[in-house]
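Printed here is structure39.cif (mmCIF, C-alpha atoms):
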```
data_query
#
loop_
_atom_site.label_atom_id
_atom_site.label_comp_id
_atom_site.auth_asym_id
_atom_site.auth_seq_id
_atom_site.Cartn_x
_atom_site.Cartn_y
_atom_site.Cartn_z
CA MET M 1 52.35 -12.31 138.88
CA SER M 2 49.33 -10.09 138.74
CA SER M 3 46.59 -10.93 136.31
CA ALA M 4 46.74 -7.67 134.41
CA THR M 5 43.79 -7.10 132.19
CA THR M 6 43.78 -6.57 128.47
CA GLU M 7 40.58 -4.54 128.31
CA PRO M 8 40.66 -2.40 125.15
CA GLU M 9 39.83 0.83 126.99
CA ARG M 10 42.66 0.37 129.46
CA LEU M 11 45.19 -0.59 126.80
CA THR M 12 44.15 2.36 124.63
CA GLN M 13 44.82 4.66 127.57
CA LEU M 14 48.19 3.05 128.15
CA LEU M 15 49.14 3.49 124.48
CA ALA M 16 48.20 7.16 124.67
CA ALA M 17 50.33 7.58 127.79
CA ILE M 18 53.26 5.77 126.15
CA SER M 19 53.20 8.13 123.18
CA GLY M 20 53.85 10.87 125.76
CA GLY M 21 56.91 9.00 127.01
CA ASP M 22 55.26 7.47 130.08
CA GLN M 23 57.63 4.71 131.08
CA ARG M 24 55.37 3.31 133.74
CA ALA M 25 52.53 2.91 131.25
CA PHE M 26 54.99 1.06 129.03
CA ALA M 27 55.84 -1.34 131.87
CA GLN M 28 52.14 -1.87 132.49
CA LEU M 29 51.48 -2.57 128.84
CA TYR M 30 54.32 -5.08 128.85
CA GLU M 31 52.95 -6.68 132.00
CA SER M 32 49.48 -6.96 130.44
CA CYS M 33 50.30 -8.07 126.93
CA SER M 34 53.72 -9.71 126.82
CA SER M 35 52.50 -13.21 127.62
CA HIS M 36 49.84 -13.09 124.89
CA LEU M 37 52.33 -11.86 122.32
CA PHE M 38 55.04 -14.25 123.49
CA GLY M 39 52.66 -17.21 123.12
CA LEU M 40 51.87 -16.07 119.60
CA LEU M 41 55.54 -15.59 118.70
CA LEU M 42 56.55 -18.95 120.12
CA ARG M 43 53.95 -20.64 117.97
CA ILE M 44 55.15 -19.00 114.78
CA LEU M 45 58.88 -18.99 115.43
CA GLN M 46 59.13 -22.29 117.33
CA ARG M 47 62.29 -21.12 119.06
CA ARG M 48 62.36 -19.38 122.37
CA ASP M 49 65.38 -17.23 121.58
CA TRP M 50 63.87 -15.94 118.35
CA ALA M 51 60.54 -15.33 120.03
CA GLU M 52 62.29 -13.32 122.75
CA GLU M 53 64.06 -11.23 120.13
CA ALA M 54 60.82 -10.64 118.24
CA LEU M 55 58.99 -9.72 121.44
CA GLN M 56 61.61 -7.08 122.19
CA ASP M 57 61.47 -5.75 118.63
CA CYS M 58 57.72 -5.55 118.89
CA PHE M 59 57.73 -3.60 122.16
CA LEU M 60 60.54 -1.38 120.94
CA LYS M 61 58.35 -0.44 118.02
CA VAL M 62 55.42 0.19 120.36
CA TRP M 63 57.61 2.43 122.52
CA GLN M 64 58.61 4.45 119.49
CA LYS M 65 55.36 4.41 117.55
CA SER M 66 52.48 3.99 119.94
CA GLU M 67 50.90 7.13 118.50
CA THR M 68 50.35 5.31 115.21
CA TYR M 69 47.70 3.10 116.78
CA GLU M 70 44.29 3.61 115.23
CA PRO M 71 41.12 1.85 116.30
CA SER M 72 40.54 0.90 112.63
CA ARG M 73 43.33 -1.63 113.06
CA GLY M 74 41.37 -3.52 115.67
CA ALA M 75 41.48 -3.60 119.46
CA PRO M 76 44.85 -2.62 120.98
CA LEU M 77 45.81 -6.22 121.64
CA THR M 78 44.93 -7.08 118.04
CA TRP M 79 47.16 -4.27 116.83
CA LEU M 80 50.00 -5.45 119.04
CA SER M 81 49.53 -8.98 117.76
CA THR M 82 49.75 -7.68 114.21
CA ILE M 83 53.04 -5.94 114.94
CA ALA M 84 54.36 -9.08 116.59
CA ARG M 85 53.28 -11.34 113.73
CA TYR M 86 54.82 -9.12 111.05
CA ARG M 87 58.07 -9.05 112.97
CA ALA M 88 57.98 -12.83 113.31
CA LEU M 89 57.42 -13.25 109.58
CA ASP M 90 60.38 -10.98 108.83
CA LEU M 91 62.55 -12.89 111.28
CA LEU M 92 61.58 -16.20 109.69
CA ARG M 93 62.65 -14.89 106.33
CA MET M 94 65.96 -13.69 107.69
CA LYS M 95 66.74 -16.64 109.88
CA ARG M 96 65.30 -19.78 108.43
CA PRO M 97 67.98 -20.20 105.79
CA GLU M 98 70.57 -20.32 108.57
CA VAL M 99 71.79 -23.54 110.02
CA GLU M 100 69.69 -23.91 113.11
CA MET M 101 72.51 -24.45 115.55
CA PRO M 102 73.13 -22.32 118.60
CA GLU M 103 76.44 -20.54 118.51
CA GLU M 104 79.20 -21.56 120.84
CA GLY M 105 78.63 -20.33 124.35
CA GLU M 106 75.00 -19.59 123.63
CA GLU M 107 72.33 -21.30 125.64
CA PRO M 108 70.67 -23.96 123.52
CA PRO M 109 67.18 -22.76 122.74
CA MET M 110 64.52 -24.30 124.90
CA THR M 111 62.29 -26.63 123.00
CA LEU M 112 58.61 -26.03 122.95
CA ALA M 113 56.55 -28.31 125.07
CA ASP M 114 53.12 -27.42 123.81
CA PRO M 115 52.10 -30.20 121.51
CA GLY M 116 48.70 -30.69 123.07
CA GLN M 117 47.03 -27.78 121.41
CA ASP M 118 45.98 -27.79 117.80
CA PRO M 119 45.39 -24.17 116.91
CA VAL M 120 43.33 -25.11 113.93
CA ASP M 121 40.77 -26.78 116.14
CA GLY M 122 41.18 -24.35 119.00
CA ALA M 123 40.93 -21.20 116.91
CA ILE M 124 37.25 -21.38 116.43
CA GLU M 125 36.74 -21.59 120.17
CA GLY M 126 38.33 -18.22 120.87
CA GLU M 127 36.23 -15.53 122.45
CA GLY M 128 34.77 -12.47 120.82
CA ILE M 129 35.18 -13.71 117.29
CA GLY M 130 31.58 -14.62 116.57
CA LYS M 131 31.35 -13.17 113.09
CA LEU M 132 34.72 -14.45 112.04
CA ARG M 133 33.90 -17.85 113.45
CA ASP M 134 30.67 -18.06 111.50
CA CYS M 135 32.41 -17.07 108.29
CA MET M 136 35.27 -19.50 108.92
CA ARG M 137 32.72 -22.27 109.25
CA GLY M 138 31.41 -21.39 105.82
CA LEU M 139 34.74 -22.28 104.20
CA GLN M 140 35.60 -25.65 102.80
CA ASP M 141 37.77 -27.71 105.12
CA GLU M 142 40.95 -27.32 103.07
CA GLN M 143 40.41 -23.61 102.67
CA ARG M 144 39.87 -23.07 106.37
CA ARG M 145 42.76 -25.27 107.32
CA SER M 146 45.21 -23.58 105.00
CA VAL M 147 44.18 -20.10 106.13
CA LEU M 148 44.48 -21.02 109.80
CA LEU M 149 47.78 -22.84 109.35
CA ALA M 150 49.23 -19.87 107.51
CA TYR M 151 48.02 -17.53 110.21
CA TYR M 152 49.06 -19.51 113.26
CA GLU M 153 52.23 -21.17 112.02
CA GLY M 154 53.43 -18.44 109.69
CA TYR M 155 53.70 -20.97 106.86
CA THR M 156 54.64 -19.97 103.34
CA HIS M 157 52.75 -21.47 100.42
CA GLN M 158 55.51 -24.05 100.10
CA GLU M 159 55.33 -24.99 103.76
CA LEU M 160 51.57 -25.22 103.52
CA ALA M 161 51.89 -27.55 100.58
CA GLN M 162 54.20 -29.73 102.61
CA ALA M 163 52.01 -29.68 105.70
CA MET M 164 48.85 -30.43 103.78
CA GLN M 165 50.50 -32.83 101.36
CA ALA M 166 49.08 -31.14 98.33
CA PRO M 167 50.55 -29.53 95.21
CA LEU M 168 51.70 -25.94 95.54
CA GLY M 169 49.17 -24.60 93.03
CA THR M 170 46.31 -26.33 94.81
CA VAL M 171 47.32 -24.90 98.16
CA LYS M 172 47.64 -21.40 96.72
CA SER M 173 44.13 -21.53 95.39
CA TRP M 174 42.80 -22.88 98.71
CA VAL M 175 44.29 -19.87 100.43
CA ARG M 176 42.99 -17.39 97.86
CA ARG M 177 39.51 -18.82 97.63
CA GLY M 178 39.35 -19.12 101.37
CA LEU M 179 40.32 -15.50 101.87
CA SER M 180 38.02 -14.33 99.11
CA ARG M 181 35.03 -16.15 100.57
CA LEU M 182 35.92 -14.94 104.02
CA ARG M 183 36.07 -11.39 102.75
CA ASP M 184 32.64 -11.61 101.12
CA CYS M 185 31.13 -13.23 104.18
CA LEU M 186 32.61 -10.73 106.65
CA GLU M 187 31.40 -7.85 104.53
CA VAL M 188 27.88 -9.22 104.26
CA VAL M 189 27.60 -9.98 107.94
CA GLY M 190 28.58 -6.45 108.83
CA GLY M 191 32.12 -5.62 107.81
CA SER M 192 32.28 -1.95 106.97
CA LEU M 193 34.73 -0.76 104.39
CA GLU M 194 34.56 2.47 102.54
CA LYS M 195 35.56 0.75 99.31
CA MET J 1 49.62 -1.95 86.14
CA LYS J 2 48.65 -5.12 87.89
CA TYR J 3 48.08 -3.17 91.08
CA GLN J 4 45.15 -1.35 89.52
CA ASN J 5 43.21 -4.56 89.43
CA ALA J 6 40.85 -4.26 92.40
CA LYS J 7 40.48 -7.95 92.97
CA LEU J 8 44.19 -8.54 92.92
CA ARG J 9 44.77 -5.62 95.27
CA ARG J 10 42.34 -7.10 97.73
CA MET J 11 44.01 -10.45 97.55
CA LEU J 12 47.46 -8.95 98.04
CA ALA J 13 46.31 -7.13 101.15
CA ALA J 14 44.73 -10.31 102.50
CA GLU J 15 47.81 -12.41 101.81
CA TYR J 16 50.04 -9.72 103.25
CA VAL J 17 48.15 -9.82 106.54
CA LEU J 18 47.83 -13.60 106.51
CA GLY J 19 51.58 -13.79 105.94
CA THR J 20 51.70 -15.84 102.75
CA LEU J 21 52.92 -12.82 100.81
CA ARG J 22 56.67 -13.05 101.35
CA GLY J 23 59.99 -11.79 100.20
CA PRO J 24 60.27 -8.87 97.77
CA ALA J 25 56.52 -8.97 97.13
CA ARG J 26 55.92 -8.24 100.80
CA ARG J 27 58.25 -5.23 100.75
CA ARG J 28 56.65 -4.04 97.55
CA PHE J 29 53.21 -4.17 99.11
CA GLU J 30 54.43 -2.15 102.09
CA ARG J 31 55.81 0.56 99.81
CA LEU J 32 52.59 0.73 97.85
CA ALA J 33 50.36 0.78 100.92
CA ARG J 34 52.28 3.71 102.34
CA ASN J 35 50.87 6.00 99.66
CA ASP J 36 47.60 4.27 98.99
CA ALA J 37 44.85 4.84 101.52
CA ALA J 38 42.46 2.33 99.95
CA LEU J 39 45.04 -0.41 100.03
CA ARG J 40 45.81 0.47 103.63
CA ALA J 41 42.12 0.33 104.52
CA GLU J 42 41.97 -3.13 103.03
CA GLN J 43 45.05 -4.13 105.01
CA HIS J 44 43.58 -2.77 108.24
CA PHE J 45 40.32 -4.58 107.60
CA TRP J 46 42.16 -7.89 107.53
CA GLU J 47 44.37 -7.00 110.48
CA ALA J 48 41.31 -6.28 112.59
CA GLN J 49 39.51 -9.42 111.43
CA LEU J 50 42.27 -12.02 111.45
CA GLY J 51 43.83 -10.46 114.55
CA ARG J 52 40.96 -11.88 116.55
CA LEU J 53 42.35 -15.34 115.94
CA THR J 54 45.26 -14.71 118.28
CA GLY J 55 42.86 -14.89 121.24
CA ALA J 56 42.94 -18.68 120.92
CA ILE J 57 46.67 -18.96 121.57
CA ARG J 58 47.84 -19.98 125.01
CA PRO J 59 49.76 -17.12 126.65
CA VAL J 60 53.34 -17.86 127.75
CA THR J 61 55.11 -15.62 130.23
CA PRO J 62 58.48 -14.51 128.85
CA ALA J 63 61.58 -14.75 131.06
CA PRO J 64 62.41 -11.59 133.07
CA THR J 65 65.59 -11.20 131.00
CA VAL J 66 63.52 -10.14 128.01
CA TRP J 67 62.30 -7.07 129.85
CA ILE J 68 65.81 -6.23 130.98
CA SER J 69 67.22 -6.49 127.47
CA LEU J 70 64.35 -4.44 126.15
CA GLN J 71 65.11 -1.64 128.57
CA ARG J 72 68.77 -1.88 127.67
CA ARG J 73 67.96 -1.58 123.97
CA ILE J 74 65.73 1.41 124.56
CA ALA J 75 68.46 3.07 126.61
CA ALA J 76 71.11 2.33 123.98
CA ARG J 77 69.05 3.72 121.14
CA ASN J 78 68.14 6.87 122.97
CA THR J 79 65.27 7.31 120.58
CA VAL J 80 63.21 8.58 123.44
CA PRO J 81 64.93 9.06 126.77
CA LEU J 82 63.94 6.40 129.26
CA ARG J 83 63.05 9.07 131.72
CA ARG J 84 62.28 12.34 130.06
CA ALA J 85 64.17 15.12 131.71
CA ALA J 86 62.30 18.21 132.70
CA PRO J 87 62.20 20.31 129.52
CA ASP J 88 64.47 23.04 130.83
CA GLN J 89 67.36 21.45 132.61
CA GLY J 90 70.29 22.72 130.64
CA GLN J 91 71.84 19.27 130.23
CA ASN J 92 69.58 17.77 127.61
CA GLN J 93 71.94 15.05 126.43
CA PRO J 94 70.13 11.78 126.93
CA LYS J 95 72.32 9.30 128.74
CA PRO J 96 71.99 5.55 128.63
CA ALA J 97 70.45 4.15 131.77
CA PRO J 98 73.14 3.21 134.28
CA MET J 99 73.66 -0.50 134.76
CA TRP J 100 72.17 -0.58 138.19
CA ARG J 101 68.92 0.82 136.90
CA ILE J 102 68.74 -1.77 134.17
CA TRP J 103 69.29 -4.51 136.69
CA ALA J 104 66.89 -2.92 139.07
CA GLY J 105 64.44 -3.00 136.19
CA MET J 106 64.32 -6.74 136.53
CA ALA J 107 62.00 -6.35 139.41
CA ALA J 108 59.60 -4.69 137.03
CA ALA J 109 59.24 -7.90 135.12
CA ALA J 110 58.14 -9.60 138.29
CA ALA J 111 55.92 -6.77 139.44
CA VAL J 112 55.26 -3.42 137.88
CA VAL J 113 55.13 -2.04 141.39
CA ALA J 114 58.88 -2.37 141.47
CA VAL J 115 59.24 0.26 138.76
CA VAL J 116 57.59 2.74 141.03
CA MET J 117 59.78 1.63 143.87
CA VAL J 118 62.96 2.10 141.85
CA SER J 119 61.89 5.53 140.69
CA GLN J 120 61.30 6.52 144.24
CA GLN J 121 64.68 5.26 145.26
CA ARG J 122 66.20 7.35 142.56
CA PHE J 123 64.77 10.56 143.83
CA THR J 124 64.13 10.04 147.48
CA PRO J 125 67.21 10.51 149.64
CA PRO J 126 67.43 7.67 152.15
CA ALA J 127 67.53 10.14 154.99
CA ALA J 128 64.09 11.39 154.06
CA THR J 129 62.39 8.25 155.31
CA PRO J 130 62.40 8.72 159.05
CA VAL J 131 59.30 6.56 159.47
CA ALA J 132 61.16 3.41 158.57
CA GLN J 133 64.05 4.31 160.81
CA ALA J 134 62.07 5.57 163.78
CA PRO J 135 61.87 2.45 165.93
CA VAL J 136 65.54 2.02 166.67
CA THR J 137 65.40 -1.25 168.50
CA ALA J 138 68.04 -3.82 169.15
CA ALA J 139 66.38 -6.29 166.79
CA ALA J 140 68.00 -6.45 163.35
CA PRO J 141 65.46 -5.94 160.56
CA VAL J 142 64.55 -8.98 158.52
CA TYR J 143 63.66 -8.80 154.83
CA VAL J 144 61.79 -11.46 152.92
CA ALA J 145 61.39 -12.23 149.24
CA GLN J 146 59.23 -14.71 147.42
CA LEU J 147 60.93 -15.84 144.23
CA LYS J 148 58.91 -17.92 141.81
CA VAL J 149 60.11 -19.32 138.50
CA PRO J 150 57.49 -18.67 135.81
CA ASP J 151 56.04 -21.70 134.05
CA SER J 152 57.08 -24.03 136.84
CA THR J 153 56.16 -24.76 140.45
CA MET J 154 59.67 -23.90 141.68
CA GLN J 155 59.81 -21.17 144.28
CA TRP J 156 61.85 -20.00 147.21
CA THR J 157 61.08 -18.06 150.31
CA VAL J 158 64.15 -16.05 151.18
CA SER J 159 64.64 -14.18 154.42
CA LEU J 160 67.72 -12.13 155.13
CA SER J 161 69.15 -9.97 157.81
CA PRO J 162 71.80 -7.61 156.43
CA ASP J 163 72.88 -6.62 159.97
CA ARG J 164 73.58 -10.22 160.91
CA GLY J 165 74.95 -11.06 157.48
CA GLN J 166 72.68 -14.07 157.29
CA LEU J 167 70.27 -15.40 154.69
CA THR J 168 68.03 -18.43 154.91
CA VAL J 169 66.07 -19.95 152.08
CA ALA J 170 63.34 -22.57 151.83
CA ALA J 171 62.61 -24.24 148.50
CA ALA J 172 59.27 -25.57 147.34
CA GLY J 173 58.00 -27.09 144.13
CA ASP J 174 60.00 -28.52 141.32
CA TYR J 175 62.01 -27.43 138.28
CA PRO J 176 62.21 -30.44 135.97
CA GLN J 177 64.14 -28.52 133.27
CA LEU J 178 67.12 -28.07 135.60
CA GLY J 179 69.15 -31.02 134.29
CA GLN J 180 72.87 -30.63 134.92
CA HIS J 181 72.56 -27.02 136.03
CA SER J 182 72.55 -25.07 139.25
CA MET J 183 70.40 -22.15 140.24
CA GLU J 184 72.29 -19.25 141.72
CA LEU J 185 70.99 -16.40 143.85
CA TRP J 186 72.20 -12.85 143.22
CA TRP J 187 71.89 -9.58 145.01
CA ILE J 188 71.45 -6.79 142.47
CA SER J 189 73.76 -4.19 143.98
CA PRO J 190 74.14 -0.65 142.62
CA GLN J 191 77.31 -1.91 140.90
CA GLY J 192 75.65 -5.00 139.41
CA PRO J 193 74.85 -8.55 140.44
CA VAL J 194 76.73 -10.02 143.42
CA ALA J 195 76.68 -13.79 143.89
CA LEU J 196 75.09 -14.94 147.16
CA GLY J 197 75.15 -18.69 146.69
CA LEU J 198 73.55 -21.73 145.11
CA LEU J 199 69.89 -22.24 145.81
CA PRO J 200 68.61 -25.55 147.13
CA VAL J 201 66.11 -27.31 144.89
CA GLN J 202 64.40 -28.78 147.92
CA GLY J 203 64.56 -28.23 151.66
CA LYS J 204 66.34 -25.35 153.29
CA GLY J 205 69.67 -23.65 153.04
CA SER J 206 71.58 -20.70 154.39
CA MET J 207 74.10 -18.26 152.98
CA THR J 208 76.43 -15.62 154.32
CA LEU J 209 75.76 -12.15 153.01
CA PRO J 210 78.48 -9.84 151.74
CA LYS J 211 79.27 -6.99 154.15
CA GLU J 212 78.38 -4.35 151.60
CA LEU J 213 74.80 -5.60 151.29
CA SER J 214 72.67 -2.88 152.75
CA ALA J 215 68.93 -2.38 152.69
CA GLN J 216 69.32 1.26 151.79
CA GLY J 217 67.54 1.87 148.54
CA GLY J 218 65.81 -1.51 148.65
CA ILE J 219 67.06 -5.02 148.07
CA THR J 220 66.52 -6.75 144.74
CA LEU J 221 67.31 -10.43 144.32
CA ALA J 222 67.56 -12.49 141.15
CA VAL J 223 67.98 -16.15 140.29
CA SER J 224 69.95 -17.30 137.26
CA LEU J 225 70.47 -20.66 135.66
CA GLU J 226 74.16 -21.56 135.77
CA PRO J 227 76.48 -24.48 135.02
CA GLN J 228 76.56 -27.04 137.80
CA GLY J 229 78.38 -25.56 140.77
CA GLY J 230 77.55 -21.98 139.90
CA SER J 231 78.71 -19.27 137.55
CA PRO J 232 82.37 -19.76 136.63
CA THR J 233 82.88 -16.02 136.08
CA GLY J 234 81.40 -14.53 139.24
CA LYS J 235 78.73 -12.83 137.15
CA PRO J 236 75.49 -14.34 135.85
CA THR J 237 76.14 -16.30 132.66
CA GLY J 238 72.79 -18.00 132.11
CA PRO J 239 69.24 -16.76 131.78
CA VAL J 240 67.60 -15.01 134.71
CA LEU J 241 64.79 -17.25 135.87
CA THR J 242 63.15 -14.84 138.24
CA SER J 243 63.77 -11.75 140.28
CA GLY J 244 62.03 -9.60 142.83
CA PRO J 245 62.38 -7.24 145.74
CA ALA J 246 62.93 -8.26 149.35
CA VAL J 247 60.60 -6.33 151.62
CA GLN J 248 61.02 -5.59 155.31
CA ALA J 249 59.10 -8.06 157.42
CA ALA J 250 60.37 -7.32 160.92
#
```
This structure in structure tokens:
Amino acid sequence: MSSATTEPERLTQLLAAISGGDQRAFAQLYESCSSHLFGLLLRILQRRDWAEEALQDCFLKVWQKSETYEPSRGAPLTWLSTIARYRALDLLRMKRPEVEMPEEGEEPPMTLADPGQDPVDGAIEGEGIGKLRDCMRGLQDEQRRSVLLAYYEGYTHQELAQAMQAPLGTVKSWVRRGLSRLRDCLEVVGGSLEK
Amino acid sequence: MKYQNAKLRRMLAAEYVLGTLRGPARRRFERLARNDAALRAEQHFWEAQLGRLTGAIRPVTPAPTVWISLQRRIAARNTVPLRRAAPDQGQNQPKPAPMWRIWAGMAAAAAVVAVVMVSQQRFTPPAATPVAQAPVTAAAPVYVAQLKVPDSTMQWTVSLSPDRGQLTVAAAGDYPQLGQHSMELWWISPQGPVALGLLPVQGKGSMTLPKELSAQGGITLAVSLEPQGGSPTGKPTGPVLTSGPAVQAA
């Protein structure tokens, strides 16, 4: 499989072409970004079949609404990741209450064999996130951990409380203080917001 | 209202993007943000910032079936025609993509190049390619395909001669997830997938090709995961592991 690039300029061009109905640009965008988004969806949804559904939903939305992309929402891949994450969060809400059994005749979902990577430790190593990384480092351990767990695993406050073995109220305030500090730090270091 | 509180608004936007804002509160935020530029700006700020975190996640290639289903869904919805007709063609009723095109689309998941190829097949009459037909020699043309299963080392080199009705395949690598399953090879004909035979997991094998298999319009092959012994229905029942075009080698 070709190692298609995810350079922002190229992806921005593809999105523009897609908004004009360019099917080939759509295939190229899929080729370039689907593995990134699928990795993200697998991590949040933990089930291959759900992640596949969410990936399709995400690209369907891109096909229909690529003209709504604005650079203020981050690089194209960031924007796509946002769409994918929101879809995953909605799916979790719809599906988690269900009994997690495959229906008759359905392929059992493949289990995830990716236990080696702890996103909380790995996150800070990502590329091109210098400012964010610095600000993340300024958080207290529990604050940083709860923010990253919520982001990467799609945890609710309740699930965070379980994962971090802390009372619900405590976890909520970790998240809020963490985000609040992060916000202040990002703004000081160079975040630009009109308000 | 609570939403007038600037600090709370900021926090709601942050928790919306982070994902901890759930349920009705999440929907409520979306409704509010739709008509509130400042709230949206706050939301976009967090999307751009936190979105950078996704760079640390290991990419995983989705199965080719996902691309096929996606195309099928786009065709079924007809929100935007898959291939926009020329604006003035009289018949402007968008039609769902025919099955063969959806199946042919599988190749696109393996290589975008295939999309171009399929489009060309659609519009180029076979007779208009005299170059390929020029050397009319006694030798039957041979087509080869390299089929690799993503996220594994399993792959096959397939060579086939439609004129002789013969196909040979050599397996390499390993597919530990196979378990009590078989892997079946399919020719994606204009009418849909046609079973060719079970693929060896190691070593070589050969298969007899159906008479109707012709190279006209290109040959697309696919591999599906099936119950041991092959698909009980004659059509693929399990996930498509890989697919790709066979190209003329001799």
- Test item: chain M residues at most 6 Å from chain J, counting all atoms listed in the file, as number ranges by chain: M: 35-36, 38-39, 56, 73-74, 78, 123, 126, 151, 156
- Considering only C-alpha atoms, return as a PyMOL selection string whatever protein or nucleic-acid residues lie within 7 Å of segment 161-163 of chain J, sequence-local ones (same chain, fewer than 2 positions apart) excluded. chain J and resi 140-143+165-167+209+213-214
- Have a look at M:Ser180, M:Ser146, M:Thr82, M:Gln140 and name the one nearest to Leu40 of chain M; count all atoms listed in the file.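 When distances to Leu40 of chain M are compared using all atoms listed in the file, the smallest one comes from M:Thr82.
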- Task: Would you mind telling me which residue in M:Leu42, M:Arg177, M:Leu182, M:Ala150 lies nearest to Met164 of chain M when using only C-alpha atoms?
- Result: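 Under the stated criterion, the closest residue is M:Ala150.
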If I wrap all listed atoms of segment 144-161 of chain M in a box with edges along x, y and z and add 5 Å on each side, what are its centre and edge lengths in Å to one decimal, as AutoDock Vina command-line options?
```
--center_x 47.7 --center_y -22.5 --center_z 106.7 --size_x 25.6 --size_y 20.0 --size_z 23.2
```
- Name all residues at most 8 Å from segment 8-14 of chain M (count all atoms listed in the file; drop same-chain ones fewer than 5 positions away) and give them as number ranges by chain. M: 25-26, 28-29, 75-77
Missing atoms in segment 75-93 of chain M should be modelled up to N, CA and C atoms and reported as a short mmCIF file (atom, residue, chain, number, x, y, z; two decimals), keeping the file's coordinate frame.
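Produced file part.cif, reproduced below:
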```cif
data_model
loop_
_atom_site.label_atom_id
_atom_site.label_comp_id
_atom_site.auth_asym_id
_atom_site.auth_seq_id
_atom_site.Cartn_x
_atom_site.Cartn_y
_atom_site.Cartn_z
N ALA M 75 41.25 -3.90 118.04
CA ALA M 75 41.48 -3.60 119.46
C ALA M 75 42.99 -3.47 119.68
N PRO M 76 43.41 -2.79 120.75
CA PRO M 76 44.85 -2.62 120.98
C PRO M 76 45.63 -3.93 120.96
N LEU M 77 45.08 -4.96 121.60
CA LEU M 77 45.81 -6.22 121.64
C LEU M 77 45.93 -6.83 120.24
N THR M 78 44.88 -6.62 119.43
CA THR M 78 44.93 -7.08 118.04
C THR M 78 46.03 -6.37 117.28
N TRP M 79 46.12 -5.08 117.50
CA TRP M 79 47.16 -4.27 116.83
C TRP M 79 48.56 -4.74 117.25
N LEU M 80 48.71 -4.97 118.54
CA LEU M 80 50.00 -5.45 119.04
C LEU M 80 50.33 -6.81 118.45
N SER M 81 49.31 -7.65 118.34
CA SER M 81 49.53 -8.98 117.76
C SER M 81 49.97 -8.86 116.30
N THR M 82 49.38 -7.89 115.60
CA THR M 82 49.75 -7.68 114.21
C THR M 82 51.22 -7.28 114.10
N ILE M 83 51.63 -6.36 114.95
CA ILE M 83 53.04 -5.94 114.94
C ILE M 83 53.94 -7.14 115.22
N ALA M 84 53.55 -7.92 116.21
CA ALA M 84 54.36 -9.08 116.59
C ALA M 84 54.43 -10.09 115.45
N ARG M 85 53.29 -10.35 114.82
CA ARG M 85 53.28 -11.34 113.73
C ARG M 85 54.15 -10.88 112.56
N TYR M 86 54.03 -9.62 112.18
CA TYR M 86 54.82 -9.12 111.05
C TYR M 86 56.31 -9.25 111.35
N ARG M 87 56.66 -8.93 112.59
CA ARG M 87 58.07 -9.05 112.97
C ARG M 87 58.52 -10.50 112.89
N ALA M 88 57.65 -11.40 113.35
CA ALA M 88 57.98 -12.83 113.31
C ALA M 88 58.17 -13.29 111.86
N LEU M 89 57.31 -12.83 110.98
CA LEU M 89 57.42 -13.25 109.58
C LEU M 89 58.73 -12.74 108.97
N ASP M 90 59.10 -11.52 109.32
CA ASP M 90 60.38 -10.98 108.83
C ASP M 90 61.55 -11.79 109.38
N LEU M 91 61.46 -12.12 110.66
CA LEU M 91 62.55 -12.89 111.28
C LEU M 91 62.68 -14.25 110.62
N LEU M 92 61.55 -14.88 110.33
CA LEU M 92 61.58 -16.20 109.69
C LEU M 92 62.32 -16.11 108.36
N ARG M 93 62.03 -15.06 107.64
CA ARG M 93 62.65 -14.89 106.33
C ARG M 93 64.15 -14.70 106.47
#
```
